[in-house]
>>> print(open('upload-v9.cif').read())   # mmCIF, C-alpha atoms
data_input
#
loop_
_atom_site.label_atom_id
_atom_site.label_comp_id
_atom_site.auth_asym_id
_atom_site.auth_seq_id
_atom_site.Cartn_x
_atom_site.Cartn_y
_atom_site.Cartn_z
CA MET W 1 113.23 104.67 29.68
CA SER W 2 113.69 107.77 31.76
CA THR W 3 112.25 107.89 35.25
CA ALA W 4 109.42 110.29 35.98
CA GLN W 5 111.34 111.87 38.87
CA PRO W 6 110.65 115.55 38.10
CA THR W 7 106.91 115.00 37.97
CA THR W 8 106.72 113.18 41.35
CA PRO W 9 105.68 115.68 44.03
CA ARG W 10 107.90 114.05 46.67
CA ALA W 11 111.01 114.10 44.55
CA SER W 12 112.94 115.97 47.24
CA LEU W 13 112.58 113.17 49.86
CA PRO W 14 114.91 110.20 49.52
CA ALA W 15 113.36 106.85 48.66
CA TRP W 16 114.21 105.28 52.02
CA SER W 17 111.99 107.83 53.78
CA ALA W 18 109.01 105.68 52.81
CA ILE W 19 109.89 103.29 55.65
CA ILE W 20 109.58 106.03 58.32
CA PRO W 21 105.80 105.61 58.82
CA VAL W 22 106.23 101.84 58.94
CA ALA W 23 109.05 102.17 61.48
CA VAL W 24 106.98 104.55 63.62
CA PHE W 25 104.07 102.12 63.50
CA LEU W 26 106.29 99.19 64.51
CA VAL W 27 107.73 101.11 67.48
CA VAL W 28 104.26 102.16 68.69
CA ALA W 29 102.90 98.64 68.12
CA GLY W 30 105.86 97.26 70.09
CA PHE W 31 105.06 99.47 73.08
CA PHE W 32 101.41 98.45 72.95
CA ALA W 33 102.26 94.76 72.61
CA TYR W 34 104.38 95.03 75.75
CA GLY W 35 102.12 97.34 77.75
CA LEU W 36 98.74 95.81 77.01
CA THR W 37 99.77 92.26 77.85
CA ARG W 38 101.04 93.13 81.33
CA ASP W 39 98.85 92.87 84.41
CA PRO W 40 98.34 96.45 85.64
CA LYS W 41 97.69 95.16 89.16
CA ALA W 42 101.08 93.47 89.44
CA LEU W 43 103.31 96.27 90.67
CA PRO W 44 106.98 95.84 91.42
CA SER W 45 107.49 95.74 95.16
CA THR W 46 109.88 98.23 96.70
CA MET W 47 110.15 96.04 99.80
CA ILE W 48 112.29 93.23 98.33
CA ASP W 49 115.51 92.71 100.32
CA ARG W 50 114.41 95.15 103.00
CA ALA W 51 113.73 94.36 106.63
CA MET W 52 110.19 93.62 107.67
CA PRO W 53 108.79 96.96 108.89
CA GLU W 54 108.20 97.36 112.61
CA PHE W 55 104.57 96.63 113.33
CA ALA W 56 102.13 96.55 116.21
CA LEU W 57 99.14 94.34 115.54
CA THR W 58 96.19 93.66 117.82
CA ARG W 59 95.01 90.21 118.85
CA LEU W 60 92.62 88.37 116.59
CA VAL W 61 91.20 86.40 119.53
CA PRO W 62 91.72 87.56 123.14
CA GLU W 63 93.31 84.29 124.29
CA ARG W 64 96.13 84.26 121.71
CA ASP W 65 99.08 86.67 121.49
CA ALA W 66 99.32 88.79 118.37
CA LEU W 67 102.06 88.31 115.78
CA VAL W 68 105.16 90.38 116.61
CA ASN W 69 108.35 91.23 114.68
CA GLU W 70 110.43 88.79 116.76
CA ASP W 71 108.36 85.88 115.43
CA LEU W 72 109.79 86.47 111.97
CA VAL W 73 113.46 86.09 112.87
CA GLY W 74 115.48 82.85 112.91
CA LYS W 75 113.54 80.90 110.31
CA VAL W 76 111.98 81.36 106.90
CA SER W 77 108.36 82.42 107.18
CA LEU W 78 105.38 83.35 105.06
CA VAL W 79 103.29 86.35 106.04
CA ASN W 80 99.88 86.16 104.43
CA VAL W 81 97.70 89.27 104.29
CA PHE W 82 94.03 88.31 104.30
CA GLY W 83 90.62 89.62 105.28
CA SER W 84 87.18 88.18 105.88
CA TRP W 85 85.91 90.56 103.15
CA CYS W 86 88.33 89.16 100.57
CA SER W 87 86.77 86.63 98.21
CA SER W 88 90.06 85.47 96.69
CA CYS W 89 91.23 84.58 100.20
CA VAL W 90 88.52 81.92 100.35
CA LEU W 91 89.90 80.46 97.11
CA GLU W 92 93.42 80.54 98.49
CA HIS W 93 92.53 79.05 101.85
CA PRO W 94 92.77 75.30 101.00
CA GLN W 95 96.30 75.88 99.67
CA LEU W 96 97.29 77.70 102.87
CA THR W 97 95.95 74.77 104.87
CA ALA W 98 98.04 72.40 102.74
CA ILE W 99 101.13 74.58 103.26
CA ALA W 100 100.58 74.57 107.04
CA GLU W 101 100.18 70.78 107.04
CA SER W 102 103.32 70.27 104.93
CA GLY W 103 105.42 71.77 107.74
CA GLU W 104 107.81 73.32 105.19
CA VAL W 105 107.51 76.87 106.44
CA ALA W 106 106.12 78.93 109.31
CA LEU W 107 102.87 80.52 108.14
CA TYR W 108 101.61 83.71 109.76
CA GLY W 109 98.48 85.72 109.02
CA VAL W 110 97.76 89.43 108.99
CA ASP W 111 94.04 90.12 109.18
CA TRP W 112 93.76 93.34 107.19
CA ARG W 113 91.01 95.91 107.74
CA ASP W 114 88.58 93.66 109.49
CA PRO W 115 86.09 94.88 112.08
CA PRO W 116 86.60 93.21 115.51
CA GLY W 117 85.58 89.58 115.49
CA LYS W 118 85.15 89.23 111.75
CA GLY W 119 88.56 87.69 111.11
CA ALA W 120 88.17 85.24 113.99
CA ASP W 121 84.74 84.20 112.71
CA TRP W 122 86.18 83.70 109.25
CA LEU W 123 89.00 81.45 110.56
CA ALA W 124 86.55 79.53 112.74
CA ARG W 125 84.50 78.86 109.64
CA TYR W 126 87.28 77.86 107.22
CA GLY W 127 89.93 76.62 109.66
CA ASP W 128 92.99 78.43 111.01
CA PRO W 129 96.23 77.49 109.18
CA TYR W 130 98.32 80.21 110.86
CA LEU W 131 100.84 79.74 113.68
CA LYS W 132 100.10 83.28 114.81
CA THR W 133 97.94 86.09 113.58
CA GLY W 134 97.43 89.79 114.17
CA VAL W 135 94.86 92.37 113.14
CA ASP W 136 95.89 95.39 111.06
CA SER W 137 92.66 97.31 111.41
CA ASP W 138 93.86 100.69 110.09
CA SER W 139 96.21 99.49 107.29
CA ARG W 140 99.34 100.73 109.07
CA LEU W 141 101.33 97.55 108.35
CA ALA W 142 99.63 97.09 104.96
CA ILE W 143 100.80 100.55 103.84
CA ASP W 144 104.29 99.96 105.29
CA LEU W 145 104.42 96.75 103.24
CA GLY W 146 103.13 98.44 100.09
CA VAL W 147 100.11 96.14 100.00
CA THR W 148 97.59 96.98 97.28
CA GLY W 149 95.05 94.21 97.78
CA ALA W 150 94.42 90.90 99.48
CA PRO W 151 95.63 88.24 99.43
CA GLU W 152 99.30 89.10 99.32
CA THR W 153 102.00 86.89 100.76
CA PHE W 154 105.52 87.89 101.77
CA VAL W 155 108.43 85.47 101.99
CA VAL W 156 110.60 86.54 104.94
CA ASP W 157 114.08 85.06 105.31
CA ARG W 158 115.85 83.95 108.51
CA GLY W 159 117.24 87.43 109.03
CA GLY W 160 113.75 88.94 109.00
CA ARG W 161 114.14 90.44 105.53
CA ILE W 162 111.44 90.38 102.89
CA ARG W 163 112.65 88.41 99.88
CA TYR W 164 109.56 87.97 97.71
CA LYS W 165 106.01 89.19 97.39
CA GLN W 166 103.26 87.05 95.94
CA VAL W 167 100.33 89.17 94.73
CA GLY W 168 97.04 87.30 94.56
CA PRO W 169 96.14 83.81 95.76
CA ILE W 170 98.83 81.14 96.10
CA THR W 171 97.84 78.38 93.71
CA PRO W 172 99.24 74.84 93.95
CA GLU W 173 101.43 75.68 90.91
CA ILE W 174 102.82 78.86 92.49
CA TRP W 175 103.54 76.94 95.69
CA GLU W 176 105.27 74.04 93.92
CA ASP W 177 107.15 76.01 91.26
CA THR W 178 108.02 79.29 92.98
CA LEU W 179 107.52 79.47 96.72
CA LEU W 180 108.65 76.01 97.86
CA PRO W 181 111.97 76.06 95.92
CA MET W 182 112.59 79.61 97.20
CA ILE W 183 111.87 78.61 100.82
CA ARG W 184 114.24 75.63 100.59
CA LYS W 185 116.95 77.86 99.14
CA LEU W 186 116.47 80.48 101.86
CA GLU W 187 116.56 77.80 104.58
CA ALA W 188 120.04 76.84 103.35
CA GLU W 189 121.28 80.43 103.59
CA PRO W 190 123.04 81.59 106.74
CA ALA W 191 120.81 83.95 108.68
CA MET E 192 56.48 116.22 112.69
CA ARG E 193 58.14 112.81 112.80
CA ARG E 194 58.16 112.83 109.04
CA LEU E 195 59.90 116.20 109.03
CA LEU E 196 62.49 114.98 111.56
CA PHE E 197 63.08 111.93 109.41
CA ILE E 198 63.67 114.07 106.33
CA ILE E 199 66.06 116.33 108.25
CA ALA E 200 67.93 113.30 109.58
CA LEU E 201 68.16 111.90 106.07
CA ALA E 202 69.47 115.19 104.71
CA LEU E 203 72.15 115.28 107.41
CA ALA E 204 73.20 111.66 106.96
CA PRO E 205 75.78 112.16 104.18
CA ALA E 206 77.49 114.89 106.20
CA ALA E 207 77.67 112.54 109.16
CA VAL E 208 79.26 109.80 107.04
CA ALA E 209 81.77 112.19 105.48
CA GLN E 210 83.06 113.31 108.88
CA PRO E 211 86.58 111.92 109.35
CA ALA E 212 87.22 109.91 112.51
CA ALA E 213 89.72 112.42 113.80
CA THR E 214 89.63 116.11 112.95
CA PHE E 215 92.64 118.06 111.81
CA THR E 216 93.30 121.77 111.51
CA ALA E 217 92.17 123.53 108.34
CA GLU E 218 95.83 124.04 107.45
CA VAL E 219 96.65 120.33 107.64
CA GLU E 220 93.43 119.50 105.80
CA ALA E 221 94.24 121.87 102.92
CA SER E 222 97.81 120.62 102.65
CA ALA E 223 96.70 116.97 102.84
CA HIS E 224 94.04 117.54 100.19
CA LYS E 225 96.60 119.08 97.82
CA LEU E 226 99.07 116.23 98.44
CA GLY E 227 96.36 113.56 98.28
CA LYS E 228 95.35 114.81 94.83
CA SER E 229 98.78 113.76 93.54
CA LEU E 230 98.82 110.36 95.28
CA ARG E 231 97.44 107.45 93.32
CA CYS E 232 94.94 105.13 94.92
CA VAL E 233 96.65 101.77 94.41
CA VAL E 234 93.34 99.91 94.40
CA CYS E 235 91.42 101.90 91.78
CA GLN E 236 94.45 102.99 89.88
CA ASN E 237 93.39 106.08 88.00
CA GLN E 238 91.91 107.92 90.94
CA SER E 239 93.76 109.94 93.53
CA ILE E 240 93.35 108.93 97.16
CA GLU E 241 91.29 112.08 97.74
CA GLU E 242 88.74 110.97 95.13
CA SER E 243 88.71 107.25 95.79
CA ALA E 244 86.11 105.46 97.88
CA ALA E 245 88.38 102.44 98.46
CA PRO E 246 88.99 101.57 102.14
CA LEU E 247 92.76 101.57 101.60
CA ALA E 248 92.55 105.11 100.17
CA ALA E 249 90.68 106.21 103.30
CA ASP E 250 93.48 104.78 105.46
CA MET E 251 96.08 106.49 103.28
CA ARG E 252 94.23 109.81 103.58
CA ARG E 253 94.23 109.49 107.34
CA LEU E 254 97.91 108.54 107.39
CA VAL E 255 98.80 111.57 105.22
CA ARG E 256 96.89 113.86 107.61
CA GLU E 257 98.50 112.31 110.68
CA ARG E 258 101.99 112.73 109.30
CA LEU E 259 101.34 116.32 108.23
CA ALA E 260 99.81 117.09 111.63
CA ALA E 261 102.93 115.62 113.24
CA GLY E 262 104.96 118.28 111.44
CA GLU E 263 106.23 116.50 108.32
CA THR E 264 106.45 118.47 105.09
CA PRO E 265 104.38 117.33 102.08
CA ASP E 266 107.65 116.27 100.41
CA GLN E 267 108.50 114.02 103.36
CA VAL E 268 105.06 112.42 103.26
CA MET E 269 105.43 111.89 99.51
CA ALA E 270 108.83 110.27 100.09
CA TYR E 271 107.25 108.02 102.72
CA MET E 272 104.64 106.84 100.22
CA THR E 273 107.03 106.35 97.28
CA ASP E 274 109.36 104.44 99.61
CA ARG E 275 106.58 101.88 100.07
CA TYR E 276 104.69 101.90 96.79
CA GLY E 277 107.35 103.13 94.35
CA ASN E 278 106.92 105.96 91.88
CA PHE E 279 103.70 104.31 90.80
CA VAL E 280 101.92 106.00 93.71
CA ARG E 281 102.69 109.44 92.22
CA LEU E 282 100.10 110.55 89.70
CA GLN E 283 102.73 112.86 88.18
CA PRO E 284 105.85 110.83 87.32
CA PRO E 285 109.16 112.38 88.45
CA LEU E 286 111.71 113.60 85.90
CA GLN E 287 114.51 111.01 85.94
CA VAL E 288 116.54 108.92 83.49
CA ASP E 289 113.93 106.23 82.84
CA THR E 290 111.13 108.77 82.38
CA LEU E 291 112.97 111.05 79.93
CA LEU E 292 111.19 109.48 76.97
CA LEU E 293 107.85 109.93 78.73
CA TRP E 294 108.48 113.61 79.40
CA PHE E 295 110.23 114.58 76.17
CA GLY E 296 108.88 111.98 73.72
CA PRO E 297 106.02 114.21 72.53
CA LEU E 298 108.44 117.12 72.08
CA ILE E 299 110.81 114.89 70.07
CA LEU E 300 107.95 113.67 67.88
CA PHE E 301 106.79 117.25 67.33
CA ALA E 302 110.31 118.36 66.41
CA ALA E 303 110.70 115.45 63.97
CA ALA E 304 107.36 116.25 62.35
CA ALA E 305 108.25 119.94 62.10
CA TRP E 306 111.61 119.09 60.56
CA GLY E 307 109.97 116.82 57.99
CA TRP E 308 107.37 119.44 57.12
CA LEU E 309 109.95 122.21 56.72
CA ALA E 310 112.23 119.96 54.65
CA TYR E 311 109.29 119.26 52.39
CA LEU E 312 108.42 122.94 52.03
CA ARG E 313 111.92 124.42 51.69
CA PRO E 314 112.61 126.42 48.47
CA ALA E 315 115.24 123.96 47.21
CA ALA E 316 112.66 121.18 47.33
CA ARG E 317 110.19 123.28 45.36
CA ARG E 318 112.86 124.09 42.77
CA ASP E 319 113.29 120.35 42.25
CA LEU E 320 109.64 120.14 41.38
CA ALA E 321 110.10 122.51 38.40
CA PRO E 322 110.65 120.72 35.05
CA PRO E 323 114.28 120.58 33.90
CA PRO E 324 115.37 123.24 31.39
CA LEU E 325 114.95 122.50 27.67
CA SER E 326 117.75 120.65 25.96
CA ASP E 327 119.50 122.26 22.96
CA THR E 328 117.48 120.29 20.38
CA GLU E 329 114.21 121.10 22.18
CA ALA E 330 115.14 124.78 22.31
CA ALA E 331 115.99 124.75 18.60
CA GLU E 332 112.68 123.03 17.76
CA LEU E 333 110.71 125.52 19.87
CA ALA E 334 112.42 128.45 18.14
CA ALA E 335 111.69 126.93 14.73
CA ARG E 336 107.99 126.40 15.51
CA LEU E 337 107.60 129.88 16.96
CA SER E 338 109.25 131.49 13.94
CA SER E 339 107.06 129.51 11.55
CA GLY E 340 103.98 131.01 13.22
CA GLY E 341 102.83 127.68 14.59
CA LYS E 342 102.51 126.05 11.14
CA VAL E 343 104.70 123.05 10.58
#
>>> encode(input="upload-v9.cif", output="structure tokens")
Amino acid sequence: MSTAQPTTPRASLPAWSAIIPVAVFLVVAGFFAYGLTRDPKALPSTMIDRAMPEFALTRLVPERDALVNEDLVGKVSLVNVFGSWCSSCVLEHPQLTAIAESGEVALYGVDWRDPPGKGADWLARYGDPYLKTGVDSDSRLAIDLGVTGAPETFVVDRGGRIRYKQVGPITPEIWEDTLLPMIRKLEAEPA
Amino acid sequence: MRRLLFIIALALAPAAVAQPAATFTAEVEASAHKLGKSLRCVVCQNQSIEESAAPLAADMRRLVRERLAAGETPDQVMAYMTDRYGNFVRLQPPLQVDTLLLWFGPLILFAAAAWGWLAYLRPAARRDLAPPPLSDTEAAELAARLSSGGKV
């Protein structure tokens, strides 16, 4: 039986060309499968392994000194960016309290974009887990840190370098599985 | 009269809100506006900082103006922002190795489609579509039928 090749309109294209549309579809579908399952809010931080930027914060309450750069040298610390306007910070707060009570790491707070008094009221209401705090009222430090929202938490090593950025609230799982092992590892490193 | 004053006050209110805290020269303002249009608001991600109402965008706008007023070029301010937020903060991605596909992908797809279309249309392909020439027996049969006047 002879094939009907001459009568097929696409006789000039080789048979394997039929897989081209399928291949194109698979490539496009692959990109979508990767792109659409990622969290668009989770951006890679450019600050990893860089020194904590120089900052000048104002006092949260008049009777306590504001957080300064020197506080972040000599030990591993967590710098938590929060605000009284931030609803996820309320969710995160019990975990921060637990972290402060565990004594594993020095916890500092940056009160971001809060009108005077608001941050202090918020801490008076929920409890203050921070060793020291400072107010970043005009986002200067937040922009230097590449912060896109609150809460965000930076792990700072003994040399004052940023080693990790946690975007969003610290959950008990994130603390146990990611942050605590990292802090213990960084504590063992020479400064 | 009080009613009229109230209406006037109300009409002026948006202008009062829109006033920036510090004022900059028209030159800085124009340059900052142009630059701000190409800086992404990292909170509401598909707006530029000039269009966004997010508080962080307002702080970024002010920072851009301050740096321009201090004598930095728009390129330096852009570098300052990408240093902190990565290329993500640029609404127009730069041309570099990992963005080649982004920039030239459409061109490559267009070229591939054009190549396929032309290959399909080329004369050689159309010649293939023509039926093959008659074999010797077919030609002989055709000649016989024609010479018999169509009667077999």
>>> interface_residues(input="upload-v9.cif", of="chain E", to="chain W", cutoff="8 Å", atoms="all atoms listed in the file", output="MDAnalysis selection string")
chainID E and resid 233:234 247 250:251 274:277 311 316 319:323
>>> closest_residue(input="upload-v9.cif", among="E:Leu254, E:Leu259, E:Ala248, E:Leu300", to="Glu218 (chain E)", atoms="only C-alpha atoms")
E:Leu259
>>> atom_distance(input="upload-v9.cif", atom1="CA of Gln238 (chain E)", atom2="CA of Val280 (chain E)")
10.6 Å
>>> residues_around(input="upload-v9.cif", residues="Ser88 (chain W)", least_positions_apart="6", cutoff="9 Å", atoms="all atoms listed in the file", output="PyMOL selection string")
chain W and resi 150-151+168-169
>>> resolve_selection(input="upload-v9.cif", expression="the PyMOL selection byres ((chain E and resi 216) around 12)", output="PyMOL selection string")
chain E and resi 213-215+217-223+256-257+259-261
>>> closest_residue(input="upload-v9.cif", among="E:Arg258, E:Lys225, E:Arg252, E:Arg281", to="Asn237 (chain E)", atoms="only C-alpha atoms")
E:Arg281
>>> resolve_selection(input="upload-v9.cif", expression="the PyMOL selection byres ((chain W and resi 115) around 12)", output="MDAnalysis selection string")
chainID W and resid 58 60 83:85 111:114 116:122 135:138
>>> atom_distance(input="upload-v9.cif", atom1="CA of Trp306 (chain E)", atom2="CA of Ala23 (chain W)")
17.1 Å
>>> closest_residue(input="upload-v9.cif", among="W:Phe154, W:Trp16, W:Phe31, W:Tyr126", to="Gly109 (chain W)", atoms="only C-alpha atoms")
W:Phe154
>>> residues_around(input="upload-v9.cif", residues="Val156 (chain W)", least_positions_apart="6", cutoff="8 Å", atoms="all atoms listed in the file", output="number ranges by chain")
W: 52, 72, 76-79, 162-164
>>> write_last_selection(input="upload-v9.cif", atoms="C-alpha atoms", output="PDB file, in the coordinates of the input")
ATOM      1  CA  MET W  52     110.190  93.620 107.670  1.00  0.00           C
ATOM      2  CA  LEU W  72     109.790  86.470 111.970  1.00  0.00           C
ATOM      3  CA  VAL W  76     111.980  81.360 106.900  1.00  0.00           C
ATOM      4  CA  SER W  77     108.360  82.420 107.180  1.00  0.00           C
ATOM      5  CA  LEU W  78     105.380  83.350 105.060  1.00  0.00           C
ATOM      6  CA  VAL W  79     103.290  86.350 106.040  1.00  0.00           C
ATOM      7  CA  ILE W 162     111.440  90.380 102.890  1.00  0.00           C
ATOM      8  CA  ARG W 163     112.650  88.410  99.880  1.00  0.00           C
ATOM      9  CA  TYR W 164     109.560  87.970  97.710  1.00  0.00           C
TER      10      TYR W 164
END
>>> residues_around(input="upload-v9.cif", residues="Ile240 (chain E)", least_positions_apart="4", cutoff="6 Å", atoms="all atoms listed in the file", output="VMD selection string")
chain E and resid 227 230 to 232 248
>>> atom_distance(input="upload-v9.cif", atom1="CA of Arg125 (chain W)", atom2="CA of Ser87 (chain W)")
14.0 Å
>>> decode(input="upload-v9.cif", residues="region 250-328 of chain E", atoms="C-alpha atoms", output="compact mmCIF listing (two decimals), in the first residue's frame")
# COMPACT_ATOMS: atom_id res chain seq x y z
CA ASP E 250 9.43 57.85 51.93
CA MET E 251 11.21 56.62 48.81
CA ARG E 252 9.95 59.63 46.83
CA ARG E 253 11.29 61.96 49.49
CA LEU E 254 14.62 60.12 49.60
CA VAL E 255 14.96 60.35 45.80
CA ARG E 256 14.31 64.11 45.94
CA GLU E 257 16.75 64.61 48.80
CA ARG E 258 19.52 62.78 47.00
CA LEU E 259 18.89 64.63 43.74
CA ALA E 260 18.80 67.94 45.61
CA ALA E 261 22.13 67.01 47.21
CA GLY E 262 23.62 66.86 43.72
CA GLU E 263 23.47 63.15 42.83
CA THR E 264 22.69 62.19 39.25
CA PRO E 265 19.57 60.12 38.52
CA ASP E 266 21.87 57.19 37.68
CA GLN E 267 23.51 57.41 41.11
CA VAL E 268 20.12 57.45 42.83
CA MET E 269 19.03 54.46 40.76
CA ALA E 270 22.23 52.63 41.76
CA TYR E 271 21.50 53.47 45.40
CA MET E 272 18.06 51.89 45.12
CA THR E 273 19.13 48.77 43.19
CA ASP E 274 21.95 48.30 45.72
CA ARG E 275 19.28 47.88 48.40
CA TYR E 276 16.34 46.32 46.61
CA GLY E 277 18.03 44.58 43.67
CA ASN E 278 17.02 44.92 40.04
CA PHE E 279 13.48 44.20 41.13
CA VAL E 280 13.07 47.87 42.04
CA ARG E 281 13.59 48.87 38.38
CA LEU E 282 10.39 48.77 36.38
CA GLN E 283 12.50 48.37 33.22
CA PRO E 284 14.86 45.41 33.65
CA PRO E 285 18.50 46.06 32.66
CA LEU E 286 20.05 44.28 29.68
CA GLN E 287 22.39 41.65 31.16
CA VAL E 288 23.16 37.94 30.80
CA ASP E 289 20.23 36.62 32.84
CA THR E 290 17.73 38.93 31.12
CA LEU E 291 18.78 38.15 27.53
CA LEU E 292 15.89 35.73 27.11
CA LEU E 293 13.48 38.34 28.47
CA TRP E 294 14.69 41.00 26.04
CA PHE E 295 15.23 38.86 22.94
CA GLY E 296 12.82 35.96 23.55
CA PRO E 297 9.96 37.59 21.60
CA LEU E 298 12.34 38.38 18.73
CA ILE E 299 13.57 34.76 18.70
CA LEU E 300 10.00 33.44 18.70
CA PHE E 301 9.09 35.82 15.86
CA ALA E 302 12.12 34.73 13.84
CA ALA E 303 11.29 31.05 14.39
CA ALA E 304 7.69 31.61 13.32
CA ALA E 305 8.80 33.57 10.25
CA TRP E 306 11.26 30.83 9.32
CA GLY E 307 8.57 28.16 9.65
CA TRP E 308 6.11 30.18 7.57
CA LEU E 309 8.64 30.85 4.81
CA ALA E 310 9.76 27.20 4.77
CA TYR E 311 6.15 26.22 4.35
CA LEU E 312 5.59 28.68 1.51
CA ARG E 313 8.86 28.25 -0.41
CA PRO E 314 8.51 27.15 -4.09
CA ALA E 315 10.25 23.80 -3.51
CA ALA E 316 7.61 22.93 -0.91
CA ARG E 317 4.82 23.81 -3.33
CA ARG E 318 6.43 21.70 -6.05
CA ASP E 319 6.26 18.75 -3.66
CA LEU E 320 2.53 19.26 -3.44
CA ALA E 321 2.12 18.65 -7.20
CA PRO E 322 1.22 15.03 -8.11
CA PRO E 323 4.14 12.93 -9.36
CA PRO E 324 4.51 12.61 -13.15
CA LEU E 325 2.69 9.76 -14.91
CA SER E 326 4.46 6.44 -15.10
CA ASP E 327 5.15 4.88 -18.53
CA THR E 328 2.14 2.53 -18.37
